[in-house]
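Asker: Pasting a structure below so you can have a look.
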Amino acid sequence: MLLRFAGFELDPDRAELRRPGGEAIKLRPKTLDVLALLTANPGRVLSKQELMEAVWPDVHVGDDSLFQCIREIRAALEDGDRKIVKLVTGRGYLFDAEVSTEALATPPQVPATDAAVVPAAVPAKSWRPFGLSGRTALAAVAALAAAVGLAIAAPMFGPDLFKQRPPVIAVMPITGSDAGAVPTAAAVTTRLTDGLAKIENIRLVTPEAGSDSPQAASARPAPADFILSSELQNTGSTWELRARLTRTATREVIWSAPVSVAIGETDLSLQQSRLAAGLGHLLALRLNELAQAGVPAPADGAAKVAVEQATAQINQTSKERFAAAQTMLEKALGDHPDNVDIQVALAALQLRGIQMVWYSPADAALVEKNAKAMLERALRTRPGSIPVLQAYCRFLNATNEFTESLVACARTLAFDPWNGMALYHMGLAQLPLGRFEDALATFKQADRYDTPEVSRWTWLLGAGVSYLMMGRDEEALPWLQRSIAITPASGRPLVLLAAAYQRLGRADEANAALAQALKLRPGSTVSNIAIPTRNTSTAYIEARDRINQALISAGLPER
């Protein structure tokens, strides 16, 4: 059946969601599954448990998997105000749109003699909602690959392979160094496989338990192009995970990486999540680099040095060093106008200049327009590049284009589901839209993954802000305090901590936190630390005003 709602069409045969103009919207299979279930039950609240059991029947996944699907559906339907897919607090999700159906024509039967050519007409993304378990679905992908005639000898892993078809990767069960590590190794394997299955430009196969074969038993004719194998060791204080990616045809190790997670600081479930995320994030970045190989890159050493030096100065720089870096990058871009890396580095540097108010108002508007144009040009060249998508996601967020930022962040996660910075910026975009609960869940998901660790203070701060926005000040305290412990030289977390203390009636602690913040950010006032309100929701403005009133009560000057 073809389903129509709010001007959109959901076509199960083609595994497509189409806009009112007929343009297909690319969604992951699990996201399509969730949408199919919602549209099959318009007007009825479906619990989170009901949705998860239907879409992930044989796989243990966290709430974040469902949250990501819901985010992608809302972005696809341009449902930023959540009028179509509604969250019913404490109950689940409601699809609030009229749905009509139309029977699709039955495809003609193909004679048996033509069976050999049938696969050529099979859509690349055939879809069977809820019909396959996780392991069976992966095996089916491999079987389809065999049907279209994948070569036994895998070609070189590079852009040509990605252009021909998604490379097939066999994920071997992680082995434990001793009996005590085996259960954790099995849990990390499951989490890793579930995350890799979300990456849209690769395909997975998984062996049966106890098998040494790098492919599903039901798909023996379709060997994987690459084998991912890993070993886990418990040292007493840390989990040490080492992985390698091997080319099947030559047995050549083309990538390897270690991941280390402390044991004593967190519970076992969080340790398992961070092990899988640490490995998955590194592998996703490497796969993305390989997929993007061959597109314009720095043409010489001077261009590469310019990018590296400018990137190092984006976060820690003076106005003078900023100007020197901008001059250097502009010269490099003049020499190599199609270079994506230079475009991204220059746009990021200019965004920093805008945020630090190092441009005049008139110049800032022009620079913002040019920086956006550069990033969009880079995206046209590398539409699937994680660094480009991540830079665009951040830029749109910083310039108050919050709905567009959510889309760019979601695209980043389609190539790296564990990308903590994409999750952080997604949460930052949800806050001004008034989606405080969604933002909190996003920041907590980033904390569960903890990749990269150097950015941990940002999502801790985001979770604290989310709690403040909802008036849950006591719950905000530990998140803000942990953020400050990691990055004590940043004044903003201390300002927010002061607001939380003030609203909790702890005036002395509020005054102390504010005094410390003003040492780091002298001259701060309520007005000059405020975020612009363009494109923000009424709920956000009201919550921000309540925080500002607490800061004024704590002694922060209004102007």
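In the structure tokens, the first chain shown is A, the next is B, and so on; residue numbers restart at 1 for each chain, and ligands run from 1 in the order shown.
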Would you mind writing down, as a list of chain:residue names, each residue of stretch 251-364 of chain A that DSSP on the backbone assigns to strand (DSSP E)?
Answerer: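 Here are the strand (DSSP E) residues of stretch 251-364 of chain A: A:Glu252, A:Val253, A:Ile254, A:Trp255, A:Ser256, A:Ala257, A:Pro258, A:Val259, A:Ser260, A:Val261, A:Ala262.
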Asker: If you count only C-alpha atoms, which residues fall within 9 Å of A:Arg44, apart from same-chain ones fewer than 6 positions away, as a CSV table (one decimal) with all heavy atoms, in the first residue's frame?
Answerer:
chain,number,residue,atom,x,y,z
A,38,LEU,N,4.4,4.2,12.7
A,38,LEU,CA,3.6,5.4,13.2
A,38,LEU,C,2.5,5.6,12.2
A,38,LEU,O,1.4,5.9,12.6
A,38,LEU,CB,4.6,6.6,13.2
A,38,LEU,CG,5.6,6.6,14.4
A,38,LEU,CD1,6.6,7.7,14.2
A,38,LEU,CD2,4.9,6.7,15.7
A,93,TYR,N,4.8,8.1,21.6
A,93,TYR,CA,4.7,9.0,20.4
A,93,TYR,C,3.4,8.9,19.7
A,93,TYR,O,2.8,7.7,19.6
A,93,TYR,CB,5.9,8.7,19.4
A,93,TYR,CG,7.2,9.1,20.0
A,93,TYR,CD1,8.0,8.2,20.6
A,93,TYR,CD2,7.7,10.4,19.9
A,93,TYR,CE1,9.3,8.5,21.1
A,93,TYR,CE2,8.9,10.8,20.4
A,93,TYR,CZ,9.7,9.8,21.0
A,93,TYR,OH,10.9,10.2,21.6
A,94,LEU,N,2.9,10.0,19.2
A,94,LEU,CA,1.6,10.0,18.5
A,94,LEU,C,1.8,10.6,17.1
A,94,LEU,O,2.4,11.7,17.0
A,94,LEU,CB,0.6,10.9,19.3
A,94,LEU,CG,-0.7,11.2,18.6
A,94,LEU,CD1,-1.6,10.0,18.5
A,94,LEU,CD2,-1.5,12.3,19.3
A,95,PHE,N,1.3,9.9,16.1
A,95,PHE,CA,1.4,10.4,14.7
A,95,PHE,C,0.1,11.1,14.4
A,95,PHE,O,-1.0,10.5,14.3
A,95,PHE,CB,1.6,9.3,13.7
A,95,PHE,CG,1.9,9.7,12.3
A,95,PHE,CD1,3.3,10.1,12.0
A,95,PHE,CD2,1.0,9.8,11.3
A,95,PHE,CE1,3.6,10.5,10.8
A,95,PHE,CE2,1.3,10.3,10.1
A,95,PHE,CZ,2.6,10.6,9.8
A,96,ASP,N,0.1,12.5,14.4
A,96,ASP,CA,-1.1,13.3,14.4
A,96,ASP,C,-1.3,13.9,13.0
A,96,ASP,O,-1.1,15.1,12.7
A,96,ASP,CB,-1.0,14.4,15.4
A,96,ASP,CG,-2.4,15.1,15.6
A,96,ASP,OD1,-3.4,14.6,15.1
A,96,ASP,OD2,-2.4,16.1,16.2
Asker: I want to know what sits within 10 Å of stretch 66-79 of chain A, based on only C-alpha atoms, with residues of the same chain fewer than 6 positions away left out; could you give that as a PyMOL selection string?
Answerer: chain A and resi 6-8+17-19+25-35+48-49+51-52+55-56+85-87+93+403-404+406-408+410-411+413-414+417+426+438+441-442+445
Asker: Could you list, as a list of chain:residue names, every residue within 12 Å of A:Val454, counting only C-alpha atoms and ignoring same-chain residues fewer than 4 positions away?
Answerer: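 Contacts, with the query itself left out: A:Gly420, A:Met421, A:Asp447, A:Asp450, A:Thr458, A:Trp459, A:Leu460, A:Ser483, A:Ile486, A:Thr487.
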Asker: Fewer than 6 positions away in the same chain doesn't count, so skip those; otherwise give me all residues within 10 Å of A:Glu509, counting only C-alpha atoms, as an NGL selection string.
Answerer: :A and (497-502 or 515 or 554)
Asker: Restricted to N, CA and C atoms, what would the selected residues look like written as a short mmCIF file (atom, residue, chain, number, x, y, z; two decimals), in the first residue's frame?
Answerer:
data_model
loop_
_atom_site.label_atom_id
_atom_site.label_comp_id
_atom_site.auth_asym_id
_atom_site.auth_seq_id
_atom_site.Cartn_x
_atom_site.Cartn_y
_atom_site.Cartn_z
N LEU A 497 26.31 27.82 36.78
CA LEU A 497 26.32 27.23 38.11
C LEU A 497 25.82 28.23 39.14
N ALA A 498 26.22 29.50 38.98
CA ALA A 498 25.74 30.55 39.88
C ALA A 498 24.22 30.68 39.81
N ALA A 499 23.66 30.60 38.60
CA ALA A 499 22.21 30.69 38.45
C ALA A 499 21.51 29.52 39.16
N ALA A 500 22.07 28.32 39.02
CA ALA A 500 21.47 27.15 39.67
C ALA A 500 21.50 27.31 41.19
N TYR A 501 22.65 27.71 41.73
CA TYR A 501 22.77 27.90 43.18
C TYR A 501 21.77 28.97 43.67
N GLN A 502 21.66 30.07 42.92
CA GLN A 502 20.79 31.16 43.33
C GLN A 502 19.34 30.69 43.40
N ALA A 515 31.67 35.21 41.20
CA ALA A 515 32.94 35.95 41.34
C ALA A 515 34.06 35.25 40.57
N ALA A 554 21.91 37.28 41.81
CA ALA A 554 23.21 36.85 42.34
C ALA A 554 24.26 37.95 42.24
#
Asker: Between atom CA of A:His425 and atom CA of A:Pro20, what is the distance in Å, rounded to a tenth?
Answerer: 29.2 Å
Asker: Give me, as a list of chain:residue names, all polymer residues having an atom no more than 9 Å from A:Glu289, counting only C-alpha atoms and skipping those fewer than 4 positions away in the same chain.
Answerer: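 The residues satisfying every condition are A:Ala284, A:Leu285, A:Ala293, A:Ser385, A:Ile386.
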Asker: Residues at most 8 Å from A:Gln390, counting only C-alpha atoms, excluding those fewer than 2 positions away in the same chain, as a VMD selection string?
Answerer: chain A and resid 386 to 388 392 to 394 408 to 409 412 421 to 422
Asker: So how many Å separate atom CA of A:Glu320 and atom CA of A:Ile354, to one decimal?
Answerer: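 Here the two named atoms are 14.4 Å from each other.
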Asker: DSSP on the backbone, then: every residue of stretch 349-388 of chain A marked alpha helix (DSSP H), written as a ChimeraX atom specification.
Answerer: /A:349-355,361-381,386-388
Asker: The selected residues should be written to file as a CSV table (one decimal), in the first residue's frame (atoms: C-alpha atoms).
Answerer:
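Contents of the output file part_26.csv:
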chain,number,residue,atom,x,y,z
A,349,LEU,CA,38.1,30.5,11.5
A,350,GLN,CA,35.8,33.2,10.2
A,351,LEU,CA,33.0,31.8,12.4
A,352,ARG,CA,35.3,32.1,15.4
A,353,GLY,CA,35.9,35.7,14.4
A,354,ILE,CA,32.2,36.4,14.3
A,355,GLN,CA,31.7,34.8,17.7
A,361,PRO,CA,28.6,44.5,12.2
A,362,ALA,CA,28.6,45.2,8.5
A,363,ASP,CA,31.7,43.0,7.8
A,364,ALA,CA,30.3,40.2,10.1
A,365,ALA,CA,27.2,39.9,7.9
A,366,LEU,CA,29.2,39.7,4.7
A,367,VAL,CA,31.7,37.2,6.3
A,368,GLU,CA,28.9,35.0,7.5
A,369,LYS,CA,27.3,34.9,4.1
A,370,ASN,CA,30.7,34.1,2.4
A,371,ALA,CA,31.5,31.4,5.0
A,372,LYS,CA,28.2,29.7,4.5
A,373,ALA,CA,28.7,29.8,0.7
A,374,MET,CA,32.1,28.2,1.1
A,375,LEU,CA,30.7,25.4,3.3
A,376,GLU,CA,27.9,24.7,0.9
A,377,ARG,CA,30.4,24.6,-2.0
A,378,ALA,CA,32.5,22.1,0.0
A,379,LEU,CA,29.3,20.0,0.6
A,380,ARG,CA,28.6,19.9,-3.1
A,381,THR,CA,32.1,18.5,-3.6
A,386,ILE,CA,32.1,13.9,8.1
A,387,PRO,CA,34.4,16.9,8.7
A,388,VAL,CA,32.4,19.0,6.1
Asker: So which one's closest to A:Asp545, A:Gly471, A:Gly90, A:Gly278, A:Pro166? Using only C-alpha atoms, please.
Answerer: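 Of the candidates, the smallest distance to A:Asp545 is held by A:Gly471.
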Asker: When you draw a straight line from atom CA of A:Glu231 to atom CA of A:Val182, how long is it in Å?
Answerer: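 One can read the atom CA of A:Glu231 to atom CA of A:Val182 distance as 10.0 Å.
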